[in-house]
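To keep things clear, I will list the structure first and then write my remarks on it.
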Amino acid sequence: MKNDTKMGRRGDAELFEIATSIARSLDSKPTNTCLLGLIAIYRSIRSLCLPVSVPPRRRIALLFLFTLSIFLIPAKHLPTDARAATRTANSSRVPFLFAAKANEGSGKVQQVAAVGMTVSDMDASIAFYSKILSFEKVSDVELAGESLERLQGVFGLRIRVVRLKLGTEFIELTEYLAPKGRPVPVDSRSNDRWFQHIAIITSDMDKAYAWLRQNKVEHASSGPQRLPEWNKNAAGIKAFYFKDPDKHALEILQFPEGKGDAKWHHANGKLFLGIDHTAIVVDNTEASLGFYRDVLGLRIAGTSENYGTEQEHLNNVFGARLRITSLRAAGGGPGIEFLEYLAPRDGRPFPVDEKANDLLHWQTTLVIGSVDLAAKNLKENKYLFVSPGVVEPGFPQLGFSKGLLVRDPDGHVMALVEN
């Protein structure tokens, strides 16, 4: 009996060492819960290989510990949106949703973390998005410094950055307190290549449109459109374009049963549910795939070709015929959707002198496994950088350690960031 006791203690000590080693590979400061969970897992697996002589009660107890330990692993190793929910609106740190494993250590996109736009009056924009569209403010910071100037490509900047959440998706609003940029061109059209929007999912298009009318939003479409039955990939989708106070295009979208992510069919009493994607006008789908798919690693999730009176009135472009390609990141977040106008072909190119403080500026934040490797790949493929290279901003409030801004083939800006 004494020998058995000594062997048991020695075994527990060895188990503790093994568990500590494994835990340290997951976390620089392993918690007792994590250690105990790993020990339980090890014992349970070992018990399954023991002879039948091991009492059944002990086997049951060990299997219980094995199951329990799965739920006791620290929050660091749970899906990141569960952690983001613990941040408060008073937080000085911008909560990024970093994917845990997808494309880890590579130059590929892990996750689409947020869609950002430049605004002229932050308080007015917060009121619009929170009171009308039900977004919640999760962070609000004011920053300045040379590293940010290099990152954003704007000298002498001072910015206020506010992050808002709807469902599990985020937008990031940036007001340039200095220097002020230019407004969105008043004659902007939906087929101009600087066009970008976010698609906000609604549970009821009729109620959503009535609510927007009640709040006197500016129309971009003539009214809500229901895409026709002949278009298999888009049949039954209801959509409406409108504008925010700075003339940024927005879309509300309702999926019929059988289309869209399953979560968009669980309203839970809410009118606005989250962001399905951001759409960008592109000149050539294949050229854009070279950037987003071949270099950055996004995958094609769906395609369609849309035309007809409904599409014309949605985009407010006569004769509109669009090739639409949807892409997704391995670790989640809103999709990125290409809108290639097969007709008409008179959309204007992205302004070559566009700056991040101009109000037509959008930047979509993509979490990358290795920003350095992504920068190398992008330079080899001769894409245009906004930043001079990889920048370490030195502001923990931003929620990332280093990043860069780069333009796609049409001029749309992507912010590549690494945790």
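Letters A, B, ... go to the chains of the structure tokens in the order shown; residues in each chain start at 1; ligands are counted from 1 in the same order.
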
List every residue of range 103-278 of chain A that DSSP, applied to the backbone, labels as helix (DSSP H, G or I), and write the result as a PDB file with N, CA and C atoms, in the first residue's frame.
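Once written, result_4.pdb looks like this:
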ATOM      1  N   MET A 122     -18.003  63.354 -35.335  1.00  0.00           N
ATOM      2  CA  MET A 122     -18.123  62.067 -34.653  1.00  0.00           C
ATOM      3  C   MET A 122     -19.403  61.956 -33.847  1.00  0.00           C
ATOM      4  N   ASP A 123     -19.753  62.996 -33.111  1.00  0.00           N
ATOM      5  CA  ASP A 123     -20.953  62.916 -32.274  1.00  0.00           C
ATOM      6  C   ASP A 123     -22.202  62.712 -33.112  1.00  0.00           C
ATOM      7  N   ALA A 124     -22.280  63.392 -34.261  1.00  0.00           N
ATOM      8  CA  ALA A 124     -23.426  63.230 -35.153  1.00  0.00           C
ATOM      9  C   ALA A 124     -23.465  61.811 -35.724  1.00  0.00           C
ATOM     10  N   SER A 125     -22.300  61.264 -36.051  1.00  0.00           N
ATOM     11  CA  SER A 125     -22.246  59.908 -36.609  1.00  0.00           C
ATOM     12  C   SER A 125     -22.619  58.868 -35.565  1.00  0.00           C
ATOM     13  N   ILE A 126     -22.141  59.050 -34.331  1.00  0.00           N
ATOM     14  CA  ILE A 126     -22.499  58.118 -33.254  1.00  0.00           C
ATOM     15  C   ILE A 126     -24.015  58.132 -33.039  1.00  0.00           C
ATOM     16  N   ALA A 127     -24.597  59.313 -33.038  1.00  0.00           N
ATOM     17  CA  ALA A 127     -26.047  59.423 -32.840  1.00  0.00           C
ATOM     18  C   ALA A 127     -26.799  58.711 -33.964  1.00  0.00           C
ATOM     19  N   PHE A 128     -26.340  58.869 -35.211  1.00  0.00           N
ATOM     20  CA  PHE A 128     -26.995  58.241 -36.349  1.00  0.00           C
ATOM     21  C   PHE A 128     -26.937  56.721 -36.246  1.00  0.00           C
ATOM     22  N   TYR A 129     -25.736  56.195 -36.034  1.00  0.00           N
ATOM     23  CA  TYR A 129     -25.587  54.736 -36.046  1.00  0.00           C
ATOM     24  C   TYR A 129     -26.192  54.077 -34.801  1.00  0.00           C
ATOM     25  N   SER A 130     -26.151  54.745 -33.680  1.00  0.00           N
ATOM     26  CA  SER A 130     -26.678  54.126 -32.454  1.00  0.00           C
ATOM     27  C   SER A 130     -28.186  54.306 -32.320  1.00  0.00           C
ATOM     28  N   LYS A 131     -28.699  55.490 -32.601  1.00  0.00           N
ATOM     29  CA  LYS A 131     -30.130  55.740 -32.394  1.00  0.00           C
ATOM     30  C   LYS A 131     -30.995  55.205 -33.523  1.00  0.00           C
ATOM     31  N   ILE A 132     -30.466  55.258 -34.745  1.00  0.00           N
ATOM     32  CA  ILE A 132     -31.275  54.812 -35.881  1.00  0.00           C
ATOM     33  C   ILE A 132     -31.022  53.349 -36.222  1.00  0.00           C
ATOM     34  N   GLU A 146       3.673  60.526 -34.648  1.00  0.00           N
ATOM     35  CA  GLU A 146       4.356  60.288 -35.914  1.00  0.00           C
ATOM     36  C   GLU A 146       4.080  58.888 -36.461  1.00  0.00           C
ATOM     37  N   SER A 147       4.005  57.901 -35.576  1.00  0.00           N
ATOM     38  CA  SER A 147       3.781  56.536 -36.062  1.00  0.00           C
ATOM     39  C   SER A 147       2.417  56.410 -36.737  1.00  0.00           C
ATOM     40  N   LEU A 148       1.404  57.097 -36.201  1.00  0.00           N
ATOM     41  CA  LEU A 148       0.083  57.084 -36.820  1.00  0.00           C
ATOM     42  C   LEU A 148       0.087  57.828 -38.148  1.00  0.00           C
ATOM     43  N   GLU A 149       0.860  58.905 -38.219  1.00  0.00           N
ATOM     44  CA  GLU A 149       0.986  59.645 -39.479  1.00  0.00           C
ATOM     45  C   GLU A 149       1.541  58.736 -40.574  1.00  0.00           C
ATOM     46  N   ARG A 150       2.517  57.928 -40.209  1.00  0.00           N
ATOM     47  CA  ARG A 150       3.113  57.013 -41.175  1.00  0.00           C
ATOM     48  C   ARG A 150       2.139  55.900 -41.550  1.00  0.00           C
ATOM     49  N   LEU A 151       1.420  55.399 -40.557  1.00  0.00           N
ATOM     50  CA  LEU A 151       0.461  54.320 -40.820  1.00  0.00           C
ATOM     51  C   LEU A 151      -0.644  54.785 -41.765  1.00  0.00           C
ATOM     52  N   GLN A 152      -1.215  55.963 -41.492  1.00  0.00           N
ATOM     53  CA  GLN A 152      -2.372  56.449 -42.242  1.00  0.00           C
ATOM     54  C   GLN A 152      -1.998  57.275 -43.462  1.00  0.00           C
ATOM     55  N   MET A 205     -37.934  43.984 -43.610  1.00  0.00           N
ATOM     56  CA  MET A 205     -37.640  45.095 -44.501  1.00  0.00           C
ATOM     57  C   MET A 205     -38.694  46.187 -44.417  1.00  0.00           C
ATOM     58  N   ASP A 206     -39.959  45.817 -44.359  1.00  0.00           N
ATOM     59  CA  ASP A 206     -41.022  46.834 -44.324  1.00  0.00           C
ATOM     60  C   ASP A 206     -40.899  47.714 -43.078  1.00  0.00           C
ATOM     61  N   LYS A 207     -40.685  47.083 -41.927  1.00  0.00           N
ATOM     62  CA  LYS A 207     -40.547  47.860 -40.689  1.00  0.00           C
ATOM     63  C   LYS A 207     -39.271  48.698 -40.702  1.00  0.00           C
ATOM     64  N   ALA A 208     -38.190  48.118 -41.229  1.00  0.00           N
ATOM     65  CA  ALA A 208     -36.917  48.836 -41.273  1.00  0.00           C
ATOM     66  C   ALA A 208     -37.019  50.066 -42.170  1.00  0.00           C
ATOM     67  N   TYR A 209     -37.635  49.906 -43.339  1.00  0.00           N
ATOM     68  CA  TYR A 209     -37.774  51.033 -44.256  1.00  0.00           C
ATOM     69  C   TYR A 209     -38.658  52.123 -43.653  1.00  0.00           C
ATOM     70  N   ALA A 210     -39.746  51.711 -43.005  1.00  0.00           N
ATOM     71  CA  ALA A 210     -40.622  52.690 -42.351  1.00  0.00           C
ATOM     72  C   ALA A 210     -39.866  53.455 -41.259  1.00  0.00           C
ATOM     73  N   TRP A 211     -39.011  52.745 -40.528  1.00  0.00           N
ATOM     74  CA  TRP A 211     -38.222  53.373 -39.462  1.00  0.00           C
ATOM     75  C   TRP A 211     -37.217  54.374 -40.056  1.00  0.00           C
ATOM     76  N   LEU A 212     -36.584  54.000 -41.164  1.00  0.00           N
ATOM     77  CA  LEU A 212     -35.634  54.909 -41.814  1.00  0.00           C
ATOM     78  C   LEU A 212     -36.357  56.138 -42.359  1.00  0.00           C
ATOM     79  N   ARG A 213     -37.534  55.938 -42.935  1.00  0.00           N
ATOM     80  CA  ARG A 213     -38.319  57.074 -43.426  1.00  0.00           C
ATOM     81  C   ARG A 213     -38.711  57.994 -42.266  1.00  0.00           C
ATOM     82  N   GLN A 214     -39.094  57.391 -41.161  1.00  0.00           N
ATOM     83  CA  GLN A 214     -39.474  58.180 -39.985  1.00  0.00           C
ATOM     84  C   GLN A 214     -38.319  59.051 -39.512  1.00  0.00           C
ATOM     85  N   ALA A 262     -27.180  31.319 -41.228  1.00  0.00           N
ATOM     86  CA  ALA A 262     -28.300  30.877 -40.372  1.00  0.00           C
ATOM     87  C   ALA A 262     -28.619  31.894 -39.276  1.00  0.00           C
ATOM     88  N   LYS A 263     -27.602  32.613 -38.796  1.00  0.00           N
ATOM     89  CA  LYS A 263     -27.837  33.544 -37.685  1.00  0.00           C
ATOM     90  C   LYS A 263     -28.748  34.705 -38.099  1.00  0.00           C
ATOM     91  N   TRP A 264     -28.829  34.977 -39.403  1.00  0.00           N
ATOM     92  CA  TRP A 264     -29.690  36.079 -39.852  1.00  0.00           C
ATOM     93  C   TRP A 264     -31.168  35.712 -39.810  1.00  0.00           C
ATOM     94  N   HIS A 265     -31.469  34.476 -39.467  1.00  0.00           N
ATOM     95  CA  HIS A 265     -32.865  34.047 -39.375  1.00  0.00           C
ATOM     96  C   HIS A 265     -33.317  33.866 -37.927  1.00  0.00           C
TER      97      HIS A 265
END

Surrounding residues of Tyr176 in chain A excluding itself and chain neighbours under 6 positions, 10 Å, only C-alpha atoms, as a list in words: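 So, after excluding close chain neighbours, the residues are Thr118, Val119, Ser120, Asp121, Met122, Glu142, Leu143, Val154, Leu157, Arg158, Ile159, Arg160, Val161, Ala356, Asn357, Asp358 and Leu359 of chain A.
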
Just the selected residues (N, CA and C atoms), exported as a tab-separated table (two decimals), in the first residue's frame, please.
chain	number	residue	atom	x	y	z
A	118	THR	N	-14.19	57.35	-42.67
A	118	THR	CA	-13.85	58.66	-42.12
A	118	THR	C	-15.11	59.51	-42.04
A	119	VAL	N	-15.31	60.18	-40.90
A	119	VAL	CA	-16.51	60.99	-40.69
A	119	VAL	C	-16.11	62.42	-40.35
A	120	SER	N	-17.05	63.35	-40.56
A	120	SER	CA	-16.74	64.77	-40.32
A	120	SER	C	-17.10	65.22	-38.91
A	121	ASP	N	-18.11	64.61	-38.32
A	121	ASP	CA	-18.60	65.00	-36.99
A	121	ASP	C	-18.90	63.72	-36.22
A	122	MET	N	-18.00	63.35	-35.33
A	122	MET	CA	-18.12	62.07	-34.65
A	122	MET	C	-19.40	61.96	-33.85
A	142	GLU	N	-8.76	59.06	-28.52
A	142	GLU	CA	-8.18	60.17	-29.29
A	142	GLU	C	-6.67	59.99	-29.33
A	143	LEU	N	-6.10	60.06	-30.52
A	143	LEU	CA	-4.69	59.71	-30.70
A	143	LEU	C	-4.00	60.68	-31.64
A	154	VAL	N	-1.03	60.44	-43.45
A	154	VAL	CA	-1.51	61.82	-43.29
A	154	VAL	C	-0.61	62.52	-42.27
A	157	LEU	N	-1.56	64.58	-38.10
A	157	LEU	CA	-2.93	64.17	-37.77
A	157	LEU	C	-3.18	64.14	-36.26
A	158	ARG	N	-4.40	64.36	-35.92
A	158	ARG	CA	-4.98	64.03	-34.61
A	158	ARG	C	-6.34	63.43	-34.90
A	159	ILE	N	-6.58	62.22	-34.40
A	159	ILE	CA	-7.81	61.51	-34.75
A	159	ILE	C	-8.57	61.06	-33.51
A	160	ARG	N	-9.88	60.99	-33.69
A	160	ARG	CA	-10.75	60.36	-32.69
A	160	ARG	C	-11.32	59.12	-33.36
A	161	VAL	N	-11.12	57.98	-32.73
A	161	VAL	CA	-11.55	56.70	-33.30
A	161	VAL	C	-12.59	56.08	-32.37
A	356	ALA	N	-6.55	59.43	-46.29
A	356	ALA	CA	-7.37	58.81	-45.25
A	356	ALA	C	-8.26	59.81	-44.52
A	357	ASN	N	-7.96	61.11	-44.62
A	357	ASN	CA	-8.82	62.10	-43.97
A	357	ASN	C	-9.95	62.59	-44.87
A	358	ASP	N	-9.98	62.15	-46.14
A	358	ASP	CA	-11.11	62.46	-47.02
A	358	ASP	C	-12.32	61.62	-46.63
A	359	LEU	N	-13.51	62.18	-46.77
A	359	LEU	CA	-14.71	61.48	-46.30
A	359	LEU	C	-15.11	60.31	-47.19

When distances are computed from only C-alpha atoms, which of A:Lys270, A:His412, A:Arg407, A:Gly399 shows the smallest separation from Lys379 in chain A?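 Of A:Lys270, A:His412, A:Arg407, A:Gly399, the one nearest Lys379 in chain A, counting only C-alpha atoms, is A:Arg407.
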
Produce a table with one row for each residue of range 112-219 of chain A that has an atom at most 7 Å from any atom of range 318-339 of chain A, each row naming the nearest atom pair and its distance in Å at one decimal; use only C-alpha atoms; arrange rows by chain and rising residue number; format as a tab-separated table.
residue	atom	partner	partner_atom	distance
A:Val112	CA	A:Gly333	CA	4.7
A:Ala113	CA	A:Gly333	CA	5.9
A:Glu169	CA	A:Gly333	CA	6.7

Please dump the current selection as a short mmCIF file (atom, residue, chain, number, x, y, z; two decimals), in the first residue's frame; keep C-alpha atoms.
data_model
loop_
_atom_site.label_atom_id
_atom_site.label_comp_id
_atom_site.auth_asym_id
_atom_site.auth_seq_id
_atom_site.Cartn_x
_atom_site.Cartn_y
_atom_site.Cartn_z
CA VAL A 112 -12.21 40.55 -41.28
CA ALA A 113 -12.22 42.48 -38.01
CA GLU A 169 -19.67 42.73 -36.20
#

Residue with smallest distance to Ala220 in chain A - pool A:Val138, A:Leu250, A:Ile280, A:Ala199, counting only C-alpha atoms: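 The closest residue to Ala220 in chain A is A:Leu250.
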
Do you know which residues are at most 7 Å from Val281 in chain A counting only C-alpha atoms, after dropping those on the same chain fewer than 4 positions away, and could you put them as a list in words? Asn191, Asp192, Arg193, Trp194, Phe195, Gln196, Phe338, Leu339 and Glu340 of chain A

Could you please take those selected residues and save C-alpha atoms as a short mmCIF file (atom, residue, chain, number, x, y, z; two decimals), in the first residue's frame?
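File produced: part36.cif:
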data_model
loop_
_atom_site.label_atom_id
_atom_site.label_comp_id
_atom_site.auth_asym_id
_atom_site.auth_seq_id
_atom_site.Cartn_x
_atom_site.Cartn_y
_atom_site.Cartn_z
CA ASN A 191 -20.82 52.42 -60.19
CA ASP A 192 -17.92 54.78 -59.40
CA ARG A 193 -14.97 52.73 -58.25
CA TRP A 194 -14.65 54.52 -54.93
CA PHE A 195 -18.11 53.19 -54.01
CA GLN A 196 -18.25 51.03 -50.89
CA PHE A 338 -17.07 42.61 -55.47
CA LEU A 339 -19.49 44.61 -57.60
CA GLU A 340 -18.21 44.58 -61.17
#

Quick one: everything within 10 Å of Leu289 in chain A, counting only C-alpha atoms, minus sequence neighbours fewer than 3 positions away in the same chain. Send it as JSON, numbers by chain. {"A": [284, 285, 286, 292, 293, 294, 295, 296, 297, 298, 299, 300, 325, 327, 338, 408, 409]}

Calculate how many Å separate CA of Glu218 in chain A from CA of Ala279 in chain A, rounding to one decimal. 19.1 Å
